[in-house]
Structures are given as C-alpha cells and as structure tokens.
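**Q** Okay, handing you the structure first.
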Amino acid sequence: MTRAAYRRAFNGVFVVLCSIATFIALSALVMILWTLLSKGLGGIDGMIFTHDQPAPGSPGGLRNAIVGSLIMCALGMAIALVIGILAGTWLAEYGAGTKYGHVVRFFNDVLISAPSILIGLFVYELLVAPFHGFSGYAGGVALAFLATPIVVRTTEDILSLQPGALREAGMALGASRAFVIRKIIWKSARTGLLTAGLLGFARISGETAPLLFTSLGNQFYNHNLSQPMASLPTTIFQFALSAYDDWQRLAWVGALLIAVAVLFINIVGRVLARETHRS
Amino acid sequence: MGAETLSLPRRPLYESNMATTELASPRGAPPGHALGEVIFRYACLGAATFLLAALGGVVVSLFIGGLPAFRTFGFGFLTSTTWNPVTEVYGAAGPIAGTLITSFLSLLVALPLALGVSVFLVEFCPPRLSRPIAIAVELLAGIPSIVYGMWGLFVLAPWFAAHVQMPIAMNAAPGGWVEWIFRGTPNGANIFTASLILAIMILPYMAAVFRELFLTVPPQVREAAYGLGCTPFEVIKAVVIPYVRKGMIGVIMLGLGRALGETMAVTFIIGNSHGFPHSLFDSGSTIASTVANEFAEATSDLHTSALIALGFLLFVITFIVLAVARLLLREAKV
Amino acid sequence: MLKMFVAGVGAFAIASTAAAADISGAGATFPAPVYAKWAEAYKAQTGVGLNYQAIGSGGGIKQIKAKTVDFGASDKPLKPDELAASGLYQFPTVVGGVVPVMNLPGIAPGQIKLSGALLGDIFLGKVTKWNAPEIAALNKGVPLPNLPITVVHRSDGSGTSFLFTSYLAMKNAEWGSKVGASDSVQWPTGLGGKGNDGVSAFVKQTAGAIGYVEYAYAKQNHSTFASMQNKAGKFVQPTAAAFGAAAASAPWLKSPGNYILLLDQPSAAAWPITGATFILMYRNQENPANGAQVLKFFEWGYNKGDALAASLDYVPLPANVKGLLKKQWAKSITAGGKPVYVAK
C-alpha cells in the first residue's frame, strides 16, 4: 500500500470512529429522553402550571416548584455570571502567567469538583444557621457556588484563545485595556461566553442536594426569597422516591420540564447570539 | 501661506497621550476613563480573589467540621475499610477507592467519545446537521442528575445484569481469571455501571467545550494544512489539537472534577457497600454517595464529623489529582 | 446589558418582599405524605400554611436543635435524658409498619412465614438458600425454590432501618451483639438500595432477594411480603389493623418522655415491626404564636385527620392516647410559664 493510500485508509477509520462516538452519544440521549418522555409526557395536563404541588391522592401541579426554581436559578446565575465572567477575564487577561493566576485557576478547578452537598452544607453554616431560617437567598447562593467555577473555567479558556492581534490592534488605536476587553474581546468571544453561561445553568438546573439544606423546599406557593422555597429538583426527589403513583408521575413531569427548559434556553441563547453577531 | 498652516489651532489629542501607559484615555472617550480602567481591573481581580476566598471558606469549614473524626481515628481513618455507625468506627478507604476508580474509569470512557463527537461535528458532519446534533449533545447536559440515577437504576442496571453479567457469569471457566475479575452479584449495581453513567454525564460538557475550542482555530491555519495535503485526521492531530491544547487540558479537568463530585447519578446505581470493591462488577461507594446517603440521618456528632471529614478528603484528593495531572502535562510539553 | 441587570435586580427586590410567613417543620421521610395531606386540607380550611419537608429524622433533630424550624420530626424517639438536655418535648402522631418483601416466583404474598430470629439470621448471612431447613421448618408444605438469598438493605440512613434493626436486635442475640440497631449500620451482607424505592427496585429485579420497606411501598407495589410471628406466637400479615393492634396494646401511659418503641407488642393480632413517628418541639417557646399554630395543626390532625391518614395507609393513634397527649401539651409547651395552647 502506498503511503498516501495508507494515510487515507487511516483517515477513513478515524471518520468511522468519530461517527460511532457521535452515534453512541446520541443513542444514550435517545434512550434517556425516551424514558423521560414516555413517563413524563402522559402526566402533563393543564394543572401543571396553575396549581401547586398536591398531597398524595389530591389533584395538583408543579407551579410553586417551577416558580421557585426560576427565581433561585436566576439569582444563582446572576451571581455566577457577574463573578464568573469577571474572574475568568482576570485570569485570561490581567493574571495570565502570573503566579497568583496559577493559584486561582488551580483552586477554581478544585471547586468545580466539590460535591454539591458539601457546598450546600457550607452555605447552610453561612446563611441558614446564623439567621435561624431556611431561605431562597441561601438556595440561590448555593447554586451560584456551583455554577461560578464552570463559568470561570470556560470563560478563561475561550478568552485566552482570542487572537492577540485583536488586543494589540485595539491598544494601538489608543484604547484602554478595559475598553479593549469589554468592547472587543468580549464581543468576539460572545458565543463562547454564552456557552459558559449555558453550561453553568445546565449544571444548576437539576441540582438537588445543595437546595435541601438551604432553601429546604415548600409545599405551598412562595415567591418571598427570605422564606423556604420550593424547587423542581427537590420536589422531584421527594416525589420520585415515594410510594404513590400520582407523585411519581409528577416527578417525571418535573424532570421532563427541566430538560425541556435547558433545551429551550440553549436554543434561545444561540438564536440571540446569532442575531447580534449578524447586526 | 506658510504662516497660515502653522497657525492652525488644531492639535490631535492623541499626540499628547502617545507616551503614556495603557491607563491613558482613548481619543474622544468621556472624561474619567482612567478611573473606569482602574475600576474594571480591580473588579476582575476582586472577583478572582472572592472566588479564592469562597473556596478557602469551604475548605476551612470542612476541616473544622471533620477535626473530631481526624482526632479520634488519626491516620487510620484513611486506611480502614470499617464503616460502622453503631460502634462509631469509621474508615474512609472504601469510599476513597470507589471515588478514584469511578472517576478515572468514566474519564477513560468519556474522553474518546467526547473527542470523537466534537471532531465529527467540526470536520465531518454535514453543515445542516451540525447545529441540531450539537444541541442534542448539549441536551444531555441539561438532564437532571437524578434522572440519570433513576434511568441507571431502572433501565441500565437490569439490562447490564441480564446481558453482560449473566453471560459472563455463566460462560466463564470457574476459578479462572475472567471470573475473578468480573465477579459480583449480577444485578447491575456496581462500580462499572456507575462509571458508565458518569461517563454519559460528563460527555456533553466536554464535547461542547471541545467543539467551541476547535472552532477558535483560525480557518487560515486549517486550510494551510489541508493545502499541504493533510487528511482531516492529520489536520486534527497535528494542527488543531496542539493549537487548543491548553484549553483541552482545562476541559479534561472540568470533566474529571465533575466526575469526582457527582452525587445523585452515582448513588442509585453503585450498590453502596462500604468496603473496598473486590472486582469491577462489585458494588462499592464513593465519597459523594456516602455523604449524600448518610448526612441527613446522622445524629451523633462523630458520625456527622466523619462524613464532613470525608468531604474534606475529597477536596484533598481533587487537589492531588489535579496537581499531578498538571505536573505530568508540563513535563510532557518539554 | 446594564439595563437588563438593573431590571433583574429590581425584580428580585420585588420578589423578596412580603408573602405570608408559614410555619415550617422538617424531618422524617416516613410521615411526609400524611403531613402533606393534612397540611393541604388544613390550609383549605383555615388558611394557615404548614410547610413540612422531608430531610430525614437526623436532619429533623439537627434543625430543631439549630432552631431553623418550628418543629422537628423523627421516626426515632429521643431518650428522656436527651430530651431534657436539649429542652425538647416529643409526641407521636401516626403509626406505620416495616414489611419484609421478597422476590420468589410462584409464592403468594403472606405465604412465607418468618420469625424475628430467622429474619435476623437471614440478614446476618447465616441462612443462604431459600430451601434451607430453618426456613422449611416454619413453612411446611410451601414449595420453597432452590434460590440463593440476596439480602437487600438500605444504603441511606433511615428511621425504617432503625425500626428494622431494633427489631432484629431484640429477637436475635447475635444480631444485637454483632451489628446493633441504628438508622445506619454496618450490614454483614447484601446490597444497599437508596430509599424504600431503591430497595423495592433491587428486590424486584433479583430473583431470591429479600428486603424491607415501609408498608405504603409494599402495598403500592403489590410486593410479595412475609408473614411474621409476633410475641403471642401467631403469624400475622401486615395490615393497618395489625399495626393498630400493636399501637393499642402498647404501654403508652408508662412511657416517660413518650419514649416508646412499638416493636413486638403483646396483642395476638399485632404486627411485630410497628413504629410511631414523633414531633419534637421546645418546651419553652420563643415564638408562642408559632408554637400555638403547630399545636393547633396537630390537634386538627388528631381530631379530623384519621380518614386522610388511612387513605394513605397510615394508622392513627388510639383515641385514648390522643386524649392523653393533648392534655400533656398544656403542661409541656409553655412560654413565660403559661401554656402556649390548650387543646380541646
């Protein structure tokens, strides 16, 4: 076999392997989605969004859990995006190559692997025990702890891959460094930053353990952040492991809602990014 | 005529700023911009330091919480496999082993898959399909971890027991090495299936960011490689991957970190026995699953302290694993 | 971008402001469904919301000690000295049972008879096959399959495990000395399933498996349960009536601090692995209004909640016990020396 033919054959094998990998990933998704859909779709009815969670045997929906999740995820993501993007920017721009930068990056990676339940315990010590009460604030902060390291990591990776020529061009025109970063680098890394945010959100949308010790959960509707708040993951956790069919059904509906929400936000985020890119 | 040009009152603003540092205001910028620069720089630095402080707070509080357990058991805590809440003797060897085995095994499975998926999406996929498939893979990341756990328990475990463990158990020569490696109760709840679930969980994160990284390679560089006659495989191997190498390390750290700390998905399917796992298909436990299982009910102070000590150990393990990985990669670069 | 951020902050400010402050409680998972049912009906009737969340008995005890909730709930009663040390008072609310479930093809529910000592031996790993002579001795004429016994226990700490292991420790001396009783023990053999659900799933998936679950799970999943031999020597099936018989024949009046385990009660119809679940409150209420609300809720539960509890397979306390407890509240829960609430 000539060398060229060998190389082409090798490449062919590589293509097949990559396709198989994609196929495996997609089939895993299909299998899990199939389970989610077959168990969750049947349970969706008009009451899911209008009624609060019921006791077993009573009719009800998931309204309080949905609203609670939205509020706490929004709070968590707001904190995570602000701190995460700023910290990631520092790591990529001002702190690149410095010793302190190495330390921060390293510890950020360590924080990513923190089991969510331990983060929940820490926030409990910080925001629940001293104030003698569970609250939505504590839940949001716990979620922020989980999302921030992911945002930082991804932001740093994306920003450090932006071409240095962009920065040099901006500064050569007399712009300050902050200006260059905000108006040029961030803009060109927009889709990457969006991915960072979406990954962070995907991580926290399904987290149960940290919320158990911070926001506790609430059987009733509550949009007051200083009181215990319901959330979809904690409700799913309680209902899925119960003995009652109607509660289990609601649990699968809740799980389906989370998956759909993440997909929806993914698509919306990409569409928005594409539009601003064009303009 | 010369006098007229010389008397032109206009003097470009930027000339006066040419010699100054980056803190200079750009031409036409609103006044006080130097302040804006300082604020921004310190905001970024503040965020980074805040992150460090937060982590420091978590580690310190875990250490303080786990101190009673460390004091009681000393170094033996790390090597003992006894975990008995009744006699209040705790040892972390079983969960530590389970954590390390499942994380590395899941990374071993997920890394080639993630690479394959992202390369496929960037190089070989027909452009129309590329975005939907990318979104589909990211959708895997959005599925709540408890669903992975439940799917693993109700779907994967029985399938694995029936189609993998039973055939091996029935066809392996008794007393042979095959039987020894794969022994364990054939109900699908073991270290291996837990690693598979973990692999599926960390796959979408890694694939998504790999794809973003590959897309930052300037098209000119890739086209230059193609122009030289490289096959796509060679372009990836020799051009794309070295370009994004640093970012890839970051992604692998992300995946490994996620695998080390994942709780819900693992707890349902790992079988939860506290000793050292005896084989690949034996049940075991991880630090995260042990803490999740027992923390809510632990009433005695020593039990609670032992669980918090486990959490502290997880941080230490992560620390060591990541440090070793960085060291190896720095050496490999040279 | 900045505008969106400010708008977001404004929205949070609105979200943080007033909404009714409900009373909150946390603890055992076992009674969570019935408390939820009661709370739903109570809110419809009185407008007061009682938010109960299941975080585990240990969690309930921790949280009431940390004063982050108005009351805690635990399946494991606290001993009188522990109550005195932390200034707490406990009282039971409903009764339930733990049921051994099995996966034996061809066997009907209740067909297999077991004793406490034998159950202990099985969970110790000493009896390894279903057709072993020890099991056959109690089950003459039953076609016992030649399957190995796979033990399934709880991987997470739980009041159900506490009841089950306490019973085994009571009836099997080796279990008592080797393993002991607690909500989380070092099981000599078997797999750990997470939650009652996990145990049910493993039992269902493995032929020859035996595990233990709360009665509601056994009933809802139509599991094959075992009949147990009680103190009177009779083999009984787990039913609401059997749990009620155990609760009725227990020495409530002679239990200081309401510390009582309903295991192995003397009645001929009693199910041997029965237990009550308890509420923990501070004797001295710092917030008398909330304390009164909690007591009013449980008084409502005692007076009007029996049917709702039964619909979810829980067993209400005997009427005389309820009366006794309501009288206790006036003396036990006070604020500044005066009773917080006097029940009718």
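If you're wondering about the labels, chains in the structure tokens are A, B, ... by order shown, residues count from 1 in each chain, ligands from 1 in order shown.
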Contacts between chain C and chain A, please, where a residue of chain A counts if it comes within 10 Å (with only C-alpha atoms); show its shortest atom pair and distance in Å to one decimal, rows by chain and ascending number, as a tab-separated table.
**A**
```
residue	atom	partner	partner_atom	distance
A:Gln53	CA	C:Glu40	CA	9.5
A:Pro54	CA	C:Glu40	CA	7.4
A:Ala55	CA	C:Lys37	CA	4.6
A:Pro56	CA	C:Pro33	CA	6.4
A:Gly57	CA	C:Leu312	CA	8.1
A:Ser58	CA	C:Lys37	CA	8.1
A:Ile71	CA	C:Phe12	CA	8.2
A:Met72	CA	C:Phe12	CA	10.0
A:Ala74	CA	C:Gly8	CA	8.8
A:Leu75	CA	C:Phe12	CA	8.0
A:Ala78	CA	C:Phe5	CA	8.4
A:Val82	CA	C:Phe5	CA	9.9
A:Val128	CA	C:Thr68	CA	7.3
A:Ala129	CA	C:Ala66	CA	6.6
A:Pro130	CA	C:Thr68	CA	9.0
A:Phe131	CA	C:Thr68	CA	7.8
A:His132	CA	C:Thr68	CA	4.2
A:Gly133	CA	C:Thr68	CA	4.4
A:Phe134	CA	C:Thr68	CA	6.7
A:Gly136	CA	C:Ser16	CA	9.0
A:Tyr137	CA	C:Ser16	CA	9.0
A:Leu212	CA	C:Ile55	CA	7.2
A:Phe213	CA	C:Ile55	CA	8.4
A:Leu216	CA	C:Gln53	CA	6.8
A:Gly217	CA	C:Gln53	CA	6.3
A:Asn218	CA	C:Asn51	CA	5.7
A:Gln219	CA	C:Asn51	CA	5.6
A:Phe220	CA	C:Asn51	CA	7.0
A:Tyr221	CA	C:Ala19	CA	9.5
A:Asn222	CA	C:Ala19	CA	6.9
A:His223	CA	C:Ala15	CA	5.7
A:Asn224	CA	C:Ser16	CA	4.7
A:Leu225	CA	C:Ser16	CA	4.8
A:Ser226	CA	C:Ser16	CA	6.5
A:Gln227	CA	C:Ala21	CA	7.2
A:Pro228	CA	C:Ser24	CA	8.3
A:Met229	CA	C:Asn51	CA	9.9
A:Ala230	CA	C:Gln53	CA	9.8
A:Thr234	CA	C:Gln53	CA	9.7
A:Thr235	CA	C:Gln53	CA	9.7
A:Gln238	CA	C:Ala54	CA	7.5
A:Phe239	CA	C:Pro33	CA	9.5
A:Ala240	CA	C:Asp197	CA	8.4
A:Leu241	CA	C:Asp197	CA	5.5
A:Ser242	CA	C:Asp197	CA	7.0
A:Ala243	CA	C:Tyr217	CA	4.9
A:Tyr244	CA	C:Gln220	CA	6.8
A:Asp245	CA	C:Gln220	CA	8.0
A:Trp247	CA	C:Pro33	CA	9.8
```
**Q** When DSSP works through the backbone of this structure, what residues of range 91-206 of chain C end up as strand (DSSP E), shown as a compact mmCIF listing (two decimals) with N, CA and C atoms, in the first residue's frame?
**A**
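Here's the written file part-v2.txt:
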```
# COMPACT_ATOMS: atom_id res chain seq x y z
N PHE C 91 -43.88 14.11 70.93
CA PHE C 91 -45.14 13.38 70.98
C PHE C 91 -45.36 12.69 69.65
N PRO C 92 -45.99 11.49 69.66
CA PRO C 92 -46.21 10.75 68.42
C PRO C 92 -47.42 11.27 67.67
N THR C 93 -47.46 11.00 66.36
CA THR C 93 -48.60 11.46 65.56
C THR C 93 -49.31 10.31 64.85
N VAL C 94 -48.56 9.51 64.08
CA VAL C 94 -49.19 8.38 63.41
C VAL C 94 -48.31 7.15 63.55
N VAL C 95 -48.88 6.03 63.15
CA VAL C 95 -48.20 4.74 63.31
C VAL C 95 -48.07 4.08 61.94
N GLY C 96 -46.99 3.35 61.75
CA GLY C 96 -46.83 2.62 60.50
C GLY C 96 -46.03 1.37 60.75
N GLY C 97 -45.80 0.59 59.72
CA GLY C 97 -45.08 -0.65 59.90
C GLY C 97 -44.02 -0.88 58.84
N VAL C 98 -43.03 -1.72 59.18
CA VAL C 98 -41.99 -2.11 58.24
C VAL C 98 -42.27 -3.55 57.82
N VAL C 99 -42.17 -3.82 56.53
CA VAL C 99 -42.59 -5.11 55.99
C VAL C 99 -41.44 -5.77 55.24
N PRO C 100 -41.12 -7.04 55.54
CA PRO C 100 -40.12 -7.73 54.72
C PRO C 100 -40.75 -8.13 53.39
N VAL C 101 -40.08 -7.78 52.29
CA VAL C 101 -40.60 -8.13 50.97
C VAL C 101 -39.60 -9.02 50.25
N MET C 102 -40.13 -9.87 49.36
CA MET C 102 -39.25 -10.84 48.70
C MET C 102 -39.60 -10.98 47.23
N LYS C 113 -43.72 -17.77 56.01
CA LYS C 113 -43.79 -17.35 57.41
C LYS C 113 -42.37 -17.24 57.95
N LEU C 114 -42.12 -16.15 58.64
CA LEU C 114 -40.79 -15.97 59.23
C LEU C 114 -40.92 -15.55 60.68
N THR C 150 -30.55 -13.26 48.30
CA THR C 150 -29.83 -12.00 48.14
C THR C 150 -30.46 -10.98 49.09
N VAL C 151 -29.66 -10.54 50.06
CA VAL C 151 -30.18 -9.57 51.03
C VAL C 151 -30.10 -8.17 50.45
N VAL C 152 -31.18 -7.41 50.60
CA VAL C 152 -31.16 -6.01 50.17
C VAL C 152 -31.48 -5.15 51.39
N HIS C 153 -30.64 -4.18 51.66
CA HIS C 153 -30.89 -3.30 52.80
C HIS C 153 -30.83 -1.86 52.32
N ARG C 154 -30.97 -0.92 53.25
CA ARG C 154 -30.93 0.50 52.89
C ARG C 154 -29.49 0.97 52.87
N LEU C 191 -26.85 -5.99 49.41
CA LEU C 191 -26.73 -4.75 48.64
C LEU C 191 -27.44 -3.62 49.32
N GLY C 192 -27.01 -2.40 49.03
CA GLY C 192 -27.68 -1.24 49.58
C GLY C 192 -28.48 -0.52 48.51
N GLY C 193 -29.76 -0.36 48.74
CA GLY C 193 -30.58 0.42 47.82
C GLY C 193 -30.87 1.76 48.43
```
**Q** Show which residues sit within 8 Å of range 265-278 of chain C, as a PyMOL selection string. Count only C-alpha atoms, and ignore same-chain residues fewer than 3 positions away.
**A** chain C and resi 28+30-31+73-77+90-99+163-164+167+228-234+236-239+241-247+249-250+261-262
**Q** Using Å and a single decimal, report how far CA of Gly46 in chain B sits from CA of Val60 in chain B.
**A**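 Distance between the two atoms: 20.4 Å.
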**Q** For Ser57 in chain C, which residue out of C:Gly257, C:Gly27, C:Gly291, C:Gly72 is the nearest one, using only C-alpha atoms?
**A** C:Gly27
**Q** Applying 7 Å and only C-alpha atoms, which residues near Gln186 in chain C remain after dropping the ones on its own chain fewer than 6 positions away? List them as a PyMOL selection string.
**A** (chain B and resi 83-85) or (chain C and resi 179)
**Q** DSSP on the backbone, alpha helix (DSSP H) only: what residues of range 180-294 of chain C does that give? Format it as an NGL selection string.
**A** :C and (195-205 or 215-220 or 240-248 or 288-294)
**Q** Could you name the residues that touch Gly200 in chain A at 12 Å or less, counting only C-alpha atoms, but leaving out those on the same chain fewer than 5 positions away, as a ChimeraX atom specification?
**A** /A:73-74,76-81,84-85,112,143-155,193-195,205-207,262,266 /B:141-142,205,254
**Q** CA of Val38 in chain B and CA of His102 in chain A are how many Å apart?
**A**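 Separation of CA of Val38 in chain B and CA of His102 in chain A: 22.2 Å.
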**Q** Which polymer residues have any atom within 7 Å of an atom of Arg283 in chain C, counting only C-alpha atoms, with same-chain residues fewer than 3 positions away left out, as an NGL selection string?
**A** :C and (87-89 or 332-334)
**Q** In Å, with one decimal, what is the gap from CA of Ser279 in chain B to CA of Ala162 in chain B?
**A**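 Pair CA of Ser279 in chain B / CA of Ala162 in chain B returns 18.2 Å.
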**Q** Point out the residue among A:Ala178, A:Ile204, A:Ile185, A:Ala138 with the least atom-to-atom distance to chain B, counting only C-alpha atoms.
**A** A:Ala178
**Q** Identify every residue of chain B that has at least one atom within 7 Å of any atom of chain A, counting only C-alpha atoms, and report the result as a count of residues only.
**A** 51
**Q** From the set B:Glu234, B:Glu138, B:Glu88, B:Glu223, which residue has the shortest atom-to-atom contact distance to chain C, counting only C-alpha atoms?
**A**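 Looking at the shortest contact to chain C, the residue is B:Glu88.
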**Q** Extract, using only C-alpha atoms, all DNA, RNA and protein residues at most 8 Å from Leu203 in chain B, discarding same-chain residues fewer than 2 positions from it, and format them as a list in words.
**A**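 Everything that qualifies: Ala25 of chain A; Ala110, Leu111, Leu113, Ala114, Ala199, Ile200, Met201, Tyr205, Met206, Ala207 and Gly255 of chain B.
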**Q** Using only C-alpha atoms, which of the listed residues (B:Ser283, B:Thr304, B:Ser61, B:Thr82) sits closest to Ile101 in chain B?
**A**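 Nearest candidate to Ile101 in chain B out of B:Ser283, B:Thr304, B:Ser61, B:Thr82: B:Ser283.
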**Q** Could you please tell me, as a PyMOL selection string, which residues of chain B have an atom within 7 Å of chain C when using only C-alpha atoms?
**A** chain B and resi 83-86+158+187+268+271-273+293-294+296-299
**Q** Any chance you can output those residues with all heavy atoms as a short mmCIF file (atom, residue, chain, number, x, y, z; two decimals), in the first residue's frame?
**A**
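The result, stored in again_38.cif:
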```cif
data_model
loop_
_atom_site.label_atom_id
_atom_site.label_comp_id
_atom_site.auth_asym_id
_atom_site.auth_seq_id
_atom_site.Cartn_x
_atom_site.Cartn_y
_atom_site.Cartn_z
N TRP B 83 -16.84 0.75 58.35
CA TRP B 83 -17.72 1.92 58.46
C TRP B 83 -18.93 1.47 59.25
O TRP B 83 -19.88 0.95 58.69
CB TRP B 83 -18.12 2.44 57.08
CG TRP B 83 -18.86 3.72 57.13
CD1 TRP B 83 -20.21 3.89 57.28
CD2 TRP B 83 -18.32 5.04 57.04
NE1 TRP B 83 -20.54 5.21 57.28
CE2 TRP B 83 -19.40 5.94 57.14
CE3 TRP B 83 -17.03 5.55 56.90
CZ2 TRP B 83 -19.23 7.33 57.09
CZ3 TRP B 83 -16.87 6.93 56.84
CH2 TRP B 83 -17.96 7.79 56.94
N ASN B 84 -18.87 1.67 60.55
CA ASN B 84 -19.91 1.13 61.40
C ASN B 84 -20.52 2.22 62.27
O ASN B 84 -19.93 2.62 63.27
CB ASN B 84 -19.31 0.03 62.30
CG ASN B 84 -20.38 -0.76 62.99
OD1 ASN B 84 -21.49 -0.28 63.24
ND2 ASN B 84 -20.07 -2.00 63.31
N PRO B 85 -21.68 2.72 61.90
CA PRO B 85 -22.29 3.81 62.67
C PRO B 85 -22.76 3.38 64.05
O PRO B 85 -23.01 4.22 64.90
CB PRO B 85 -23.48 4.24 61.81
CG PRO B 85 -23.18 3.74 60.46
CD PRO B 85 -22.41 2.48 60.66
N VAL B 86 -22.89 2.09 64.26
CA VAL B 86 -23.38 1.65 65.57
C VAL B 86 -22.25 1.67 66.59
O VAL B 86 -22.38 2.19 67.69
CB VAL B 86 -23.99 0.24 65.48
CG1 VAL B 86 -24.40 -0.23 66.86
CG2 VAL B 86 -25.18 0.26 64.57
N PRO B 158 -30.76 -3.40 35.17
CA PRO B 158 -31.29 -4.71 34.79
C PRO B 158 -30.75 -5.19 33.45
O PRO B 158 -30.44 -6.36 33.28
CB PRO B 158 -32.81 -4.48 34.67
CG PRO B 158 -33.08 -3.18 35.31
CD PRO B 158 -31.82 -2.41 35.32
N ASN B 187 -26.72 -7.96 39.49
CA ASN B 187 -27.93 -7.13 39.42
C ASN B 187 -27.61 -5.77 38.85
O ASN B 187 -28.41 -4.85 38.91
CB ASN B 187 -28.56 -6.99 40.81
CG ASN B 187 -27.66 -6.19 41.71
OD1 ASN B 187 -26.49 -6.02 41.42
ND2 ASN B 187 -28.21 -5.70 42.78
N PHE B 268 -27.56 5.98 43.15
CA PHE B 268 -28.61 4.99 42.89
C PHE B 268 -28.05 3.68 42.39
O PHE B 268 -28.65 2.63 42.58
CB PHE B 268 -29.56 5.53 41.82
CG PHE B 268 -30.50 6.56 42.35
CD1 PHE B 268 -30.20 7.90 42.26
CD2 PHE B 268 -31.69 6.18 42.93
CE1 PHE B 268 -31.06 8.85 42.75
CE2 PHE B 268 -32.56 7.13 43.42
CZ PHE B 268 -32.24 8.46 43.33
N GLY B 271 -24.56 0.52 44.32
CA GLY B 271 -24.69 -0.64 45.18
C GLY B 271 -24.39 -0.36 46.64
O GLY B 271 -24.83 -1.09 47.52
N ASN B 272 -23.64 0.70 46.90
CA ASN B 272 -23.49 1.20 48.25
C ASN B 272 -23.05 0.20 49.30
O ASN B 272 -23.71 0.01 50.31
CB ASN B 272 -24.80 1.86 48.70
CG ASN B 272 -25.02 3.13 47.93
OD1 ASN B 272 -24.25 4.06 47.98
ND2 ASN B 272 -26.08 3.13 47.16
N SER B 273 -21.98 -0.48 49.07
CA SER B 273 -21.38 -1.26 50.15
C SER B 273 -20.08 -0.57 50.52
O SER B 273 -19.38 -0.05 49.67
CB SER B 273 -21.11 -2.69 49.70
OG SER B 273 -20.11 -2.71 48.74
N ASN B 293 -25.97 9.83 51.25
CA ASN B 293 -26.83 8.83 51.86
C ASN B 293 -27.01 9.04 53.34
O ASN B 293 -28.09 8.83 53.88
CB ASN B 293 -26.24 7.43 51.65
CG ASN B 293 -26.68 6.83 50.35
OD1 ASN B 293 -27.75 7.13 49.86
ND2 ASN B 293 -25.86 5.98 49.79
N GLU B 294 -25.94 9.42 54.01
CA GLU B 294 -26.00 9.32 55.47
C GLU B 294 -26.08 10.65 56.18
O GLU B 294 -26.37 10.67 57.37
CB GLU B 294 -24.77 8.55 55.98
CG GLU B 294 -24.78 7.12 55.47
CD GLU B 294 -23.63 6.30 56.02
OE1 GLU B 294 -23.06 6.70 57.05
OE2 GLU B 294 -23.30 5.28 55.41
N ALA B 296 -28.14 13.27 56.14
CA ALA B 296 -29.41 13.76 56.66
C ALA B 296 -29.79 13.04 57.94
O ALA B 296 -30.39 13.62 58.84
CB ALA B 296 -30.49 13.57 55.61
N GLU B 297 -29.43 11.77 58.05
CA GLU B 297 -29.86 10.99 59.20
C GLU B 297 -28.84 10.95 60.32
O GLU B 297 -29.14 10.50 61.41
CB GLU B 297 -30.16 9.55 58.77
CG GLU B 297 -31.37 9.44 57.89
CD GLU B 297 -32.66 9.64 58.65
OE1 GLU B 297 -32.67 9.45 59.87
OE2 GLU B 297 -33.66 9.99 58.02
N ALA B 298 -27.61 11.37 60.05
CA ALA B 298 -26.56 11.22 61.06
C ALA B 298 -26.85 12.10 62.25
O ALA B 298 -26.88 13.32 62.14
CB ALA B 298 -25.21 11.59 60.45
N THR B 299 -27.09 11.50 63.40
CA THR B 299 -27.39 12.31 64.58
C THR B 299 -26.18 12.45 65.49
O THR B 299 -25.97 13.49 66.08
CB THR B 299 -28.52 11.71 65.42
OG1 THR B 299 -28.64 10.34 65.08
CG2 THR B 299 -29.81 12.44 65.16
#
```
**Q** For Gly61 in chain A, which residue among A:Lys99, A:Arg249, A:Ile265, A:Ala92 is the nearest when counting only C-alpha atoms?
**A** A:Arg249
